[in-house]
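Coordinates as given in structure_25.cif (mmCIF, C-alpha atoms and all ligand atoms):
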```cif
data_coords
loop_
_atom_site.label_atom_id
_atom_site.label_comp_id
_atom_site.auth_asym_id
_atom_site.auth_seq_id
_atom_site.Cartn_x
_atom_site.Cartn_y
_atom_site.Cartn_z
CA MET A 1 28.20 89.30 -12.81
CA ILE A 2 24.62 88.41 -13.75
CA ILE A 3 23.75 84.71 -13.68
CA ALA A 4 20.44 83.11 -14.64
CA VAL A 5 19.43 79.66 -13.37
CA ALA A 6 17.30 77.58 -15.75
CA SER A 7 16.40 73.93 -16.21
CA GLY A 8 13.61 73.35 -18.69
CA LYS A 9 12.03 70.67 -16.52
CA GLY A 10 10.38 71.88 -13.33
CA GLY A 11 11.11 70.80 -9.80
CA VAL A 12 14.79 69.94 -10.27
CA GLY A 13 15.92 72.40 -7.58
CA LYS A 14 16.45 75.79 -9.30
CA THR A 15 14.96 77.90 -6.52
CA TRP A 16 16.69 76.02 -3.74
CA PHE A 17 20.01 76.17 -5.64
CA ALA A 18 19.68 79.89 -6.43
CA ILE A 19 19.07 80.61 -2.73
CA ALA A 20 21.97 78.38 -1.61
CA LEU A 21 24.32 79.93 -4.18
CA ALA A 22 23.29 83.45 -3.12
CA HIS A 23 24.04 82.50 0.47
CA ALA A 24 27.37 80.82 -0.33
CA ALA A 25 28.51 83.89 -2.29
CA ALA A 26 27.33 86.27 0.46
CA ARG A 27 29.30 84.29 3.03
CA THR A 28 32.49 84.93 1.11
CA GLY A 29 31.85 88.67 1.29
CA ARG A 30 30.15 89.22 -2.05
CA ARG A 31 27.26 91.63 -2.41
CA VAL A 32 24.46 89.48 -3.80
CA LEU A 33 20.99 90.18 -5.17
CA LEU A 34 18.63 87.26 -5.74
CA PHE A 35 15.90 88.13 -8.21
CA ASP A 36 12.86 85.87 -8.34
CA ALA A 37 12.36 85.70 -12.09
CA ASP A 38 9.84 82.86 -12.03
CA LEU A 39 7.05 84.98 -13.44
CA GLY A 40 4.46 82.21 -13.21
CA LEU A 41 5.01 80.58 -9.83
CA ALA A 42 7.41 82.72 -7.87
CA ASN A 43 8.53 81.14 -4.61
CA VAL A 44 11.88 82.40 -3.36
CA ASP A 45 10.02 84.21 -0.55
CA ILE A 46 8.12 81.03 0.35
CA GLN A 47 11.27 78.89 0.56
CA LEU A 48 12.77 81.53 2.84
CA GLY A 49 9.66 82.19 4.91
CA LEU A 50 9.66 85.90 4.09
CA MET A 51 6.68 88.23 3.84
CA PRO A 52 7.79 90.94 1.45
CA ASP A 53 5.87 94.22 1.46
CA TYR A 54 6.61 94.67 -2.22
CA ASP A 55 7.46 92.35 -5.06
CA LEU A 56 8.06 92.34 -8.77
CA GLY A 57 4.32 92.70 -9.32
CA SER A 58 4.37 96.01 -7.41
CA VAL A 59 7.34 97.16 -9.50
CA ILE A 60 5.77 96.30 -12.84
CA ALA A 61 2.48 97.87 -11.79
CA GLY A 62 4.48 101.06 -11.11
CA ARG A 63 3.64 101.19 -7.41
CA VAL A 64 7.27 101.11 -6.23
CA SER A 65 10.71 101.33 -7.78
CA LEU A 66 12.86 98.22 -8.14
CA THR A 67 15.22 99.61 -5.50
CA ASP A 68 12.33 100.02 -3.06
CA ALA A 69 11.28 96.40 -3.62
CA VAL A 70 14.68 95.11 -2.45
CA LEU A 71 14.45 93.13 0.77
CA HIS A 72 17.48 92.21 2.86
CA HIS A 73 17.70 88.67 4.20
CA PRO A 74 19.45 89.17 7.55
CA ASP A 75 20.47 85.53 8.17
CA GLY A 76 21.65 85.04 4.61
CA GLY A 77 23.32 88.42 4.21
CA PHE A 78 21.98 88.86 0.69
CA ASP A 79 19.26 90.95 -0.93
CA ILE A 80 16.10 89.66 -2.60
CA ILE A 81 13.52 90.92 -5.01
CA ALA A 82 10.48 88.72 -4.49
CA GLY A 83 8.43 87.68 -7.46
CA ARG A 84 5.05 86.92 -6.03
CA SER A 85 2.41 89.25 -7.30
CA GLY A 86 -0.66 90.15 -5.31
CA SER A 87 -2.37 90.85 -8.58
CA GLY A 88 -1.87 87.47 -10.20
CA ALA A 89 0.82 85.83 -12.29
CA LEU A 90 3.27 87.88 -14.29
CA SER A 91 3.72 85.14 -16.87
CA SER A 92 1.88 87.18 -19.48
CA ILE A 93 4.16 90.19 -18.98
CA GLU A 94 4.36 92.37 -22.10
CA PRO A 95 7.75 92.30 -23.87
CA ALA A 96 8.16 96.06 -23.38
CA ALA A 97 7.48 95.77 -19.63
CA LEU A 98 10.00 92.94 -19.38
CA GLU A 99 12.63 94.99 -21.21
CA SER A 100 12.18 98.02 -19.00
CA THR A 101 12.36 95.81 -15.89
CA LEU A 102 15.60 94.27 -17.16
CA ALA A 103 17.05 97.69 -17.95
CA THR A 104 16.31 98.81 -14.38
CA LEU A 105 17.72 95.56 -13.00
CA ARG A 106 20.93 96.11 -14.97
CA ARG A 107 21.35 99.52 -13.35
CA GLU A 108 20.64 98.00 -9.95
CA ALA A 109 23.20 95.25 -10.66
CA ALA A 110 26.00 97.82 -10.56
CA ARG A 111 25.68 97.84 -6.76
CA TYR A 112 26.28 94.08 -6.54
CA ASP A 113 29.03 91.56 -7.21
CA LEU A 114 26.48 88.93 -8.18
CA VAL A 115 22.89 89.12 -9.40
CA LEU A 116 21.13 85.76 -9.59
CA LEU A 117 17.92 85.17 -11.53
CA ASP A 118 15.81 82.21 -10.49
CA LEU A 119 13.95 81.43 -13.73
CA GLY A 120 10.73 79.49 -14.09
CA ALA A 121 10.49 76.03 -15.61
CA GLY A 122 9.79 75.72 -19.32
CA LEU A 123 11.11 77.61 -22.29
CA ASP A 124 8.72 80.48 -22.76
CA ARG A 125 9.60 83.84 -24.27
CA ALA A 126 10.47 85.50 -20.95
CA VAL A 127 12.65 82.58 -19.82
CA ARG A 128 14.58 82.64 -23.12
CA ARG A 129 14.97 86.40 -23.02
CA MET A 130 16.28 86.45 -19.45
CA SER A 131 18.60 83.49 -20.16
CA ALA A 132 20.20 85.35 -23.05
CA TRP A 133 20.21 88.65 -21.14
CA ALA A 134 22.33 87.28 -18.27
CA ASP A 135 26.13 87.07 -18.59
CA THR A 136 26.11 83.39 -17.71
CA LEU A 137 23.44 80.71 -17.85
CA LEU A 138 23.53 77.89 -15.31
CA VAL A 139 21.43 74.97 -16.51
CA LEU A 140 20.33 72.56 -13.81
CA ALA A 141 19.82 68.91 -14.68
CA THR A 142 19.29 65.76 -12.70
CA GLU A 143 19.97 62.13 -13.58
CA GLU A 144 16.40 61.68 -14.81
CA PRO A 145 16.21 61.26 -18.59
CA THR A 146 13.39 63.83 -18.87
CA SER A 147 15.48 66.39 -17.04
CA LEU A 148 18.42 65.70 -19.34
CA THR A 149 16.39 66.11 -22.52
CA ASP A 150 14.88 69.34 -21.18
CA ALA A 151 18.31 70.65 -20.20
CA TYR A 152 19.50 69.82 -23.72
CA ALA A 153 16.53 71.77 -25.15
CA VAL A 154 17.50 74.81 -23.01
CA LEU A 155 21.11 74.59 -24.21
CA LYS A 156 20.05 74.23 -27.83
CA LEU A 157 17.80 77.30 -27.76
CA TYR A 158 20.45 79.26 -25.88
CA ALA A 159 23.08 78.35 -28.50
CA GLY A 160 20.75 79.80 -31.15
CA ASP A 161 19.73 82.88 -29.13
CA LYS A 162 23.27 83.71 -28.00
CA PRO A 163 25.95 81.95 -30.07
CA GLN A 164 28.84 83.39 -28.00
CA GLY A 165 27.03 82.81 -24.71
CA ASP A 166 28.43 81.25 -21.57
CA ALA A 167 26.33 78.20 -20.62
CA ARG A 168 27.36 75.92 -17.78
CA VAL A 169 25.71 72.83 -16.38
CA VAL A 170 24.99 71.98 -12.76
CA VAL A 171 23.95 68.40 -12.05
CA ASN A 172 21.71 68.42 -8.98
CA GLN A 173 20.39 65.62 -6.78
CA ALA A 174 23.19 63.31 -7.92
CA THR A 175 23.26 59.93 -6.19
CA THR A 176 27.05 60.15 -6.06
CA ARG A 177 29.55 62.64 -7.42
CA GLN A 178 30.67 60.08 -10.03
CA ALA A 179 27.08 59.46 -11.14
CA GLY A 180 26.63 63.23 -11.48
CA GLU A 181 29.77 63.46 -13.59
CA ARG A 182 28.47 60.69 -15.85
CA THR A 183 25.20 62.59 -16.25
CA PHE A 184 27.13 65.69 -17.24
CA ALA A 185 29.22 63.66 -19.73
CA THR A 186 26.03 62.37 -21.39
CA LEU A 187 24.70 65.89 -21.82
CA GLN A 188 28.07 67.15 -22.99
CA ARG A 189 28.26 64.45 -25.67
CA ALA A 190 24.78 65.26 -26.96
CA CYS A 191 25.64 68.96 -27.19
CA GLN A 192 28.95 68.29 -28.92
CA THR A 193 27.34 65.95 -31.43
CA PHE A 194 24.22 67.92 -32.28
CA LEU A 195 25.13 71.53 -31.50
CA GLY A 196 28.83 71.40 -32.34
CA LYS A 197 29.80 72.81 -28.96
CA ALA A 198 29.62 71.61 -25.40
CA PRO A 199 28.91 73.45 -22.16
CA VAL A 200 31.31 73.26 -19.25
CA CYS A 201 30.40 71.67 -15.94
CA ALA A 202 29.91 74.18 -13.11
CA GLY A 203 29.61 71.38 -10.60
CA VAL A 204 27.73 68.42 -9.18
CA ILE A 205 25.44 68.68 -6.14
CA ARG A 206 24.69 65.48 -4.31
CA ARG A 207 21.23 64.49 -3.21
CA ASP A 208 20.98 65.34 0.45
CA ASP A 209 18.12 64.89 2.93
CA GLY A 210 19.15 68.17 4.59
CA VAL A 211 17.88 70.10 1.56
CA ARG A 212 14.29 69.04 2.01
CA ASP A 213 14.54 69.57 5.76
CA ALA A 214 15.90 73.11 5.34
CA ILE A 215 13.15 73.97 2.83
CA ARG A 216 10.47 72.54 5.07
CA ARG A 217 11.71 74.72 7.91
CA GLN A 218 12.14 77.73 5.63
CA THR A 219 15.76 78.10 6.65
CA LEU A 220 19.07 78.12 4.80
CA LEU A 221 20.86 74.80 4.34
CA LEU A 222 24.24 76.29 5.27
CA ILE A 223 22.79 77.47 8.58
CA ARG A 224 20.68 74.44 9.44
CA HIS A 225 23.04 71.75 8.09
CA PRO A 226 26.44 73.39 7.63
CA ASN A 227 28.13 70.02 7.17
CA ALA A 228 25.70 68.75 4.55
CA SER A 229 27.30 67.38 1.38
CA ALA A 230 25.03 69.59 -0.74
CA ALA A 231 26.22 72.66 1.17
CA ALA A 232 29.86 71.84 0.39
CA ASP A 233 28.95 71.20 -3.26
CA VAL A 234 27.23 74.59 -3.62
CA ALA A 235 30.14 76.37 -1.93
CA ALA A 236 32.50 74.74 -4.44
CA ILE A 237 30.33 75.94 -7.32
CA ALA A 238 30.37 79.49 -5.91
CA ASP A 239 34.18 79.37 -5.68
CA GLY A 240 34.41 78.15 -9.27
CA LEU A 241 32.22 80.97 -10.57
CA PHE A 242 34.32 83.65 -8.91
CA THR A 243 37.72 82.22 -9.75
CA ALA A 244 37.01 81.29 -13.39
N1 LIG B 301 20.43 68.40 -3.74
C1 LIG B 301 19.19 68.04 -3.36
N2 LIG B 301 19.00 66.99 -2.53
C2 LIG B 301 17.76 66.60 -2.14
N3 LIG B 301 16.63 67.19 -2.54
C3 LIG B 301 16.73 68.24 -3.36
C4 LIG B 301 18.01 68.73 -3.82
N4 LIG B 301 17.77 69.80 -4.63
C5 LIG B 301 16.44 69.96 -4.67
N5 LIG B 301 15.79 69.04 -3.92
C6 LIG B 301 14.34 68.87 -3.76
O1 LIG B 301 13.70 69.34 -4.92
C7 LIG B 301 12.55 70.07 -4.57
C8 LIG B 301 12.25 71.09 -5.62
O2 LIG B 301 13.15 72.18 -5.48
P1 LIG B 301 12.83 73.62 -6.07
O3 LIG B 301 11.48 74.10 -5.68
O4 LIG B 301 13.99 74.48 -5.72
O5 LIG B 301 12.82 73.28 -7.64
P2 LIG B 301 12.56 74.25 -8.86
O6 LIG B 301 13.38 73.73 -9.98
O7 LIG B 301 12.75 75.66 -8.46
O8 LIG B 301 11.01 74.00 -9.15
P3 LIG B 301 10.05 74.85 -10.13
O9 LIG B 301 10.40 74.41 -11.51
O10 LIG B 301 8.68 74.43 -9.70
O11 LIG B 301 10.35 76.29 -9.89
C9 LIG B 301 12.86 70.63 -3.20
O12 LIG B 301 11.69 70.79 -2.45
C10 LIG B 301 13.78 69.63 -2.58
O13 LIG B 301 13.04 68.73 -1.78
MG MG B 302 11.47 77.33 -8.57
#
```
Is it possible to give me this structure as C-alpha cells?
Ligand SMILES: Nc1ncnc2c1ncn2[C@@H]1O[C@H](COP(=O)(O)OP(=O)(O)OP(=O)(O)O)[C@@H](O)[C@H]1O
Ligand SMILES: [Mg+2]
Amino acid sequence: MIIAVASGKGGVGKTWFAIALAHAAARTGRRVLLFDADLGLANVDIQLGLMPDYDLGSVIAGRVSLTDAVLHHPDGGFDIIAGRSGSGALSSIEPAALESTLATLRREAARYDLVLLDLGAGLDRAVRRMSAWADTLLVLATEEPTSLTDAYAVLKLYAGDKPQGDARVVVNQATTRQAGERTFATLQRACQTFLGKAPVCAGVIRRDDGVRDAIRRQTLLLIRHPNASAAADVAAIADGLFTA
C-alpha cells in the first residue's frame, strides 16, 4: 500500500503525522518505508534527529541507488529515505527525473507493507503527481479556515487528476474529538456540494502538548509519551487503514 500525505497549507503536521503513522504501523509488525517527498524543505531526518549519509538528492544525482539510500530507524523499526539534498532543493526536479524516481520507488515498495510519502505544502506539479501516483491520499486539515480551504483545493485537484482515486481526510490538532468531527463534516459538505463526491474520514487527531515536546527532543511520540491522546489517535488511524 502506497499512501501520500498532503495538506495544501503548510505547518499543519504532515511530517510529524507521517512519522507517527510509520511508527504505529511498524509497531503492529508491518514493514514500513517513509519517503521524504517534500522536495523543497525536506525535514523527516531533522524531526528524527538523524544524519543520513545519503538522501534523495544523492539518488537523483545518480550517486547512489534508491535502495542504498534507505536508512533504518532502530527505535522506530521502520525505514526512511531522507529528502534533504546537499546540493540544494529538489523542488525544480525535472518531470522525467521524478518519473524515474517514482518507478524505482514502486519497485522498492514491493518489499514493504506500507510506503508513506510525506509531501510538501502547496499544490505544485510534483505534489499533484505524487498525490495521484499513490494508492491513497491522506489530506491533513486543521480547524483553521485557511487549512480547510487549502484541503478543499487539494481534494478538488485530486478529484480532477484521479477521478476514481481514494482520498481520505485526517483532522489534526483538533481541540476535541467532536470539534474535529465537525471540521470534517464541513469539508465533507463542501466536497459533496461542489465536487459531487465526498472523501471519507480517516480519523481525528487531538491537539497534544506531547507532540511538540517529542519533536523538540527529536524522538518518537509513542516512545516519549506512549499515553498521549495524539498517539492513541494515530494508532487508531493506522488500524483503520489496514482493516479497511
Ligand atoms: N496533534 C498535534 N498536537 C499539537 N501540535 C501539533 C500536532 N500536530 C502537529 N503539531 C505541531 O505542528 C508543527 C508543525 O508540524 P510539521 O512540521 O509536521 O508540519 P508540516 O505540515 O509537515 O509542515 P510543512 O508544511 O512545513 O512541511 C509541529 O512542530 C508541532 O508543534
Ligand atoms: Mg513537513
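Closest to ligand LIG 301 (chain B) among A:Val59, A:Ala103, A:Val127, A:Ile215 is A:Ile215, based on only C-alpha atoms and all ligand atoms.
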- Collect all residues with atoms no farther than 10 Å from ligand LIG 301 (chain B), counting only C-alpha atoms and all ligand atoms, and output them as number ranges by chain. A: 5-20, 37-44, 46-47, 118-122, 140-142, 171-175, 204-216, 228-231, 233-234
Could you please take those selected residues and save C-alpha atoms as an mmCIF file, in the frame of the given file?
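The resulting file, selection-v9.cif, is shown below:
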```cif
data_model
loop_
_atom_site.group_PDB
_atom_site.id
_atom_site.type_symbol
_atom_site.label_atom_id
_atom_site.label_comp_id
_atom_site.auth_asym_id
_atom_site.auth_seq_id
_atom_site.Cartn_x
_atom_site.Cartn_y
_atom_site.Cartn_z
ATOM 1 C CA VAL A 5 19.430 79.660 -13.370
ATOM 2 C CA ALA A 6 17.300 77.580 -15.750
ATOM 3 C CA SER A 7 16.400 73.930 -16.210
ATOM 4 C CA GLY A 8 13.610 73.350 -18.690
ATOM 5 C CA LYS A 9 12.030 70.670 -16.520
ATOM 6 C CA GLY A 10 10.380 71.880 -13.330
ATOM 7 C CA GLY A 11 11.110 70.800 -9.800
ATOM 8 C CA VAL A 12 14.790 69.940 -10.270
ATOM 9 C CA GLY A 13 15.920 72.400 -7.580
ATOM 10 C CA LYS A 14 16.450 75.790 -9.300
ATOM 11 C CA THR A 15 14.960 77.900 -6.520
ATOM 12 C CA TRP A 16 16.690 76.020 -3.740
ATOM 13 C CA PHE A 17 20.010 76.170 -5.640
ATOM 14 C CA ALA A 18 19.680 79.890 -6.430
ATOM 15 C CA ILE A 19 19.070 80.610 -2.730
ATOM 16 C CA ALA A 20 21.970 78.380 -1.610
ATOM 17 C CA ALA A 37 12.360 85.700 -12.090
ATOM 18 C CA ASP A 38 9.840 82.860 -12.030
ATOM 19 C CA LEU A 39 7.050 84.980 -13.440
ATOM 20 C CA GLY A 40 4.460 82.210 -13.210
ATOM 21 C CA LEU A 41 5.010 80.580 -9.830
ATOM 22 C CA ALA A 42 7.410 82.720 -7.870
ATOM 23 C CA ASN A 43 8.530 81.140 -4.610
ATOM 24 C CA VAL A 44 11.880 82.400 -3.360
ATOM 25 C CA ILE A 46 8.120 81.030 0.350
ATOM 26 C CA GLN A 47 11.270 78.890 0.560
ATOM 27 C CA ASP A 118 15.810 82.210 -10.490
ATOM 28 C CA LEU A 119 13.950 81.430 -13.730
ATOM 29 C CA GLY A 120 10.730 79.490 -14.090
ATOM 30 C CA ALA A 121 10.490 76.030 -15.610
ATOM 31 C CA GLY A 122 9.790 75.720 -19.320
ATOM 32 C CA LEU A 140 20.330 72.560 -13.810
ATOM 33 C CA ALA A 141 19.820 68.910 -14.680
ATOM 34 C CA THR A 142 19.290 65.760 -12.700
ATOM 35 C CA VAL A 171 23.950 68.400 -12.050
ATOM 36 C CA ASN A 172 21.710 68.420 -8.980
ATOM 37 C CA GLN A 173 20.390 65.620 -6.780
ATOM 38 C CA ALA A 174 23.190 63.310 -7.920
ATOM 39 C CA THR A 175 23.260 59.930 -6.190
ATOM 40 C CA VAL A 204 27.730 68.420 -9.180
ATOM 41 C CA ILE A 205 25.440 68.680 -6.140
ATOM 42 C CA ARG A 206 24.690 65.480 -4.310
ATOM 43 C CA ARG A 207 21.230 64.490 -3.210
ATOM 44 C CA ASP A 208 20.980 65.340 0.450
ATOM 45 C CA ASP A 209 18.120 64.890 2.930
ATOM 46 C CA GLY A 210 19.150 68.170 4.590
ATOM 47 C CA VAL A 211 17.880 70.100 1.560
ATOM 48 C CA ARG A 212 14.290 69.040 2.010
ATOM 49 C CA ASP A 213 14.540 69.570 5.760
ATOM 50 C CA ALA A 214 15.900 73.110 5.340
ATOM 51 C CA ILE A 215 13.150 73.970 2.830
ATOM 52 C CA ARG A 216 10.470 72.540 5.070
ATOM 53 C CA ALA A 228 25.700 68.750 4.550
ATOM 54 C CA SER A 229 27.300 67.380 1.380
ATOM 55 C CA ALA A 230 25.030 69.590 -0.740
ATOM 56 C CA ALA A 231 26.220 72.660 1.170
ATOM 57 C CA ASP A 233 28.950 71.200 -3.260
ATOM 58 C CA VAL A 234 27.230 74.590 -3.620
#
```
- Quick one: of A:Asp36, A:Asp135, A:Asp113, A:Glu181, who's nearest to Asp55 in chain A, counting all atoms listed in the file? A:Asp36
- Message: For a test of reading the model, state the distance in Å between CA of Leu117 in chain A and CA of Ile3 in chain A, rounded to one decimal.
- Response: 6.2 Å
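Between CA of Ala198 in chain A and CA of Leu102 in chain A the interatomic distance comes to 27.9 Å.
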Per residue of range 176-222 of chain A within 10 Å of range 21-31 of chain A, note the shortest atom pair and the distance in Å to one decimal, counting only C-alpha atoms, and order the rows by chain and increasing residue number, as JSON lines.
```
{"residue": "A:Leu220", "atom": "CA", "partner": "A:His23", "partner_atom": "CA", "distance": 7.9}
{"residue": "A:Leu221", "atom": "CA", "partner": "A:His23", "partner_atom": "CA", "distance": 9.2}
{"residue": "A:Leu222", "atom": "CA", "partner": "A:His23", "partner_atom": "CA", "distance": 7.9}
```
For the residues in the current selection, export C-alpha atoms as an mmCIF file, in the frame of the given file.
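Once written, out_39.cif looks like this:
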```cif
data_model
loop_
_atom_site.group_PDB
_atom_site.id
_atom_site.type_symbol
_atom_site.label_atom_id
_atom_site.label_comp_id
_atom_site.auth_asym_id
_atom_site.auth_seq_id
_atom_site.Cartn_x
_atom_site.Cartn_y
_atom_site.Cartn_z
ATOM 1 C CA LEU A 220 19.070 78.120 4.800
ATOM 2 C CA LEU A 221 20.860 74.800 4.340
ATOM 3 C CA LEU A 222 24.240 76.290 5.270
#
```
- Give the answer as one residue: which of A:Gly83, A:Asp68, A:Thr183, A:Arg63 has the shortest atom-to-atom distance to ligand MG 302 (chain B), using all atoms listed in the file?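 The answer is A:Gly83, which sits nearest to ligand MG 302 (chain B).
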- Nearest candidate to Leu98 in chain A (options A:Lys156, A:Arg84, A:Arg217, A:Arg125; using all atoms listed in the file):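 Among A:Lys156, A:Arg84, A:Arg217, A:Arg125, it is A:Arg125 that comes nearest to Leu98 in chain A.
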- Message: Given all atoms listed in the file as the basis, pick out the residue of A:Asp45, A:Glu108, A:Glu99, A:Glu94 nearest to ligand MG 302 (chain B).
- Response: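 Residue with the minimum atom-to-atom distance to ligand MG 302 (chain B): A:Asp45.
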- Separation of CA of Ile2 in chain A from CA of Leu116 in chain A, in Å and rounded to one decimal: 6.0 Å
- Item | Distance criterion (only C-alpha atoms and all ligand atoms): nearest to ligand MG 302 (chain B) out of A:Tyr158, A:Phe35, A:Trp133, A:Tyr112 | A:Phe35
- Message: Quick one: residues within 10 Å of Gly165 in chain A, only C-alpha atoms, excluding same-chain residues fewer than 5 positions away - as number ranges by chain?
- Response: A: 131-137, 158-160, 199
N, CA, C and O atoms restored at range 139-154 of chain A, emitted as a PDB file, keeping the file's coordinate frame:
```
ATOM      1  N   VAL A 139      22.532  75.869 -16.197  1.00  0.00           N
ATOM      2  CA  VAL A 139      21.430  74.970 -16.510  1.00  0.00           C
ATOM      3  C   VAL A 139      21.470  73.792 -15.549  1.00  0.00           C
ATOM      4  O   VAL A 139      22.447  73.041 -15.510  1.00  0.00           O
ATOM      5  N   LEU A 140      20.406  73.659 -14.776  1.00  0.00           N
ATOM      6  CA  LEU A 140      20.330  72.560 -13.810  1.00  0.00           C
ATOM      7  C   LEU A 140      19.737  71.327 -14.461  1.00  0.00           C
ATOM      8  O   LEU A 140      18.721  71.414 -15.150  1.00  0.00           O
ATOM      9  N   ALA A 141      20.362  70.183 -14.202  1.00  0.00           N
ATOM     10  CA  ALA A 141      19.820  68.910 -14.680  1.00  0.00           C
ATOM     11  C   ALA A 141      19.953  67.894 -13.571  1.00  0.00           C
ATOM     12  O   ALA A 141      20.776  68.058 -12.663  1.00  0.00           O
ATOM     13  N   THR A 142      19.131  66.876 -13.623  1.00  0.00           N
ATOM     14  CA  THR A 142      19.290  65.760 -12.700  1.00  0.00           C
ATOM     15  C   THR A 142      19.560  64.508 -13.530  1.00  0.00           C
ATOM     16  O   THR A 142      19.630  64.582 -14.763  1.00  0.00           O
ATOM     17  N   GLU A 143      19.682  63.377 -12.852  1.00  0.00           N
ATOM     18  CA  GLU A 143      19.970  62.130 -13.580  1.00  0.00           C
ATOM     19  C   GLU A 143      18.770  61.622 -14.364  1.00  0.00           C
ATOM     20  O   GLU A 143      18.907  60.724 -15.180  1.00  0.00           O
ATOM     21  N   GLU A 144      17.592  62.173 -14.102  1.00  0.00           N
ATOM     22  CA  GLU A 144      16.400  61.680 -14.810  1.00  0.00           C
ATOM     23  C   GLU A 144      16.468  62.012 -16.294  1.00  0.00           C
ATOM     24  O   GLU A 144      16.791  63.137 -16.667  1.00  0.00           O
ATOM     25  N   PRO A 145      16.144  61.020 -17.142  1.00  0.00           N
ATOM     26  CA  PRO A 145      16.210  61.260 -18.590  1.00  0.00           C
ATOM     27  C   PRO A 145      15.388  62.467 -19.040  1.00  0.00           C
ATOM     28  O   PRO A 145      15.827  63.231 -19.900  1.00  0.00           O
ATOM     29  N   THR A 146      14.216  62.686 -18.444  1.00  0.00           N
ATOM     30  CA  THR A 146      13.390  63.830 -18.870  1.00  0.00           C
ATOM     31  C   THR A 146      14.070  65.146 -18.523  1.00  0.00           C
ATOM     32  O   THR A 146      13.955  66.126 -19.265  1.00  0.00           O
ATOM     33  N   SER A 147      14.770  65.170 -17.406  1.00  0.00           N
ATOM     34  CA  SER A 147      15.480  66.390 -17.040  1.00  0.00           C
ATOM     35  C   SER A 147      16.622  66.643 -18.020  1.00  0.00           C
ATOM     36  O   SER A 147      16.871  67.779 -18.439  1.00  0.00           O
ATOM     37  N   LEU A 148      17.303  65.551 -18.405  1.00  0.00           N
ATOM     38  CA  LEU A 148      18.420  65.700 -19.340  1.00  0.00           C
ATOM     39  C   LEU A 148      17.959  66.204 -20.694  1.00  0.00           C
ATOM     40  O   LEU A 148      18.592  67.081 -21.293  1.00  0.00           O
ATOM     41  N   THR A 149      16.855  65.655 -21.203  1.00  0.00           N
ATOM     42  CA  THR A 149      16.390  66.110 -22.520  1.00  0.00           C
ATOM     43  C   THR A 149      15.927  67.567 -22.436  1.00  0.00           C
ATOM     44  O   THR A 149      16.153  68.340 -23.365  1.00  0.00           O
ATOM     45  N   ASP A 150      15.317  67.940 -21.313  1.00  0.00           N
ATOM     46  CA  ASP A 150      14.880  69.340 -21.180  1.00  0.00           C
ATOM     47  C   ASP A 150      16.077  70.277 -21.045  1.00  0.00           C
ATOM     48  O   ASP A 150      16.062  71.393 -21.571  1.00  0.00           O
ATOM     49  N   ALA A 151      17.102  69.840 -20.316  1.00  0.00           N
ATOM     50  CA  ALA A 151      18.310  70.650 -20.200  1.00  0.00           C
ATOM     51  C   ALA A 151      18.963  70.813 -21.577  1.00  0.00           C
ATOM     52  O   ALA A 151      19.427  71.909 -21.936  1.00  0.00           O
ATOM     53  N   TYR A 152      18.958  69.740 -22.351  1.00  0.00           N
ATOM     54  CA  TYR A 152      19.500  69.820 -23.720  1.00  0.00           C
ATOM     55  C   TYR A 152      18.711  70.841 -24.541  1.00  0.00           C
ATOM     56  O   TYR A 152      19.290  71.657 -25.271  1.00  0.00           O
ATOM     57  N   ALA A 153      17.373  70.827 -24.398  1.00  0.00           N
ATOM     58  CA  ALA A 153      16.530  71.770 -25.150  1.00  0.00           C
ATOM     59  C   ALA A 153      16.870  73.220 -24.758  1.00  0.00           C
ATOM     60  O   ALA A 153      16.947  74.102 -25.622  1.00  0.00           O
ATOM     61  N   VAL A 154      17.116  73.456 -23.470  1.00  0.00           N
ATOM     62  CA  VAL A 154      17.500  74.810 -23.010  1.00  0.00           C
ATOM     63  C   VAL A 154      18.815  75.210 -23.672  1.00  0.00           C
ATOM     64  O   VAL A 154      18.959  76.320 -24.199  1.00  0.00           O
TER      65      VAL A 154
END
```
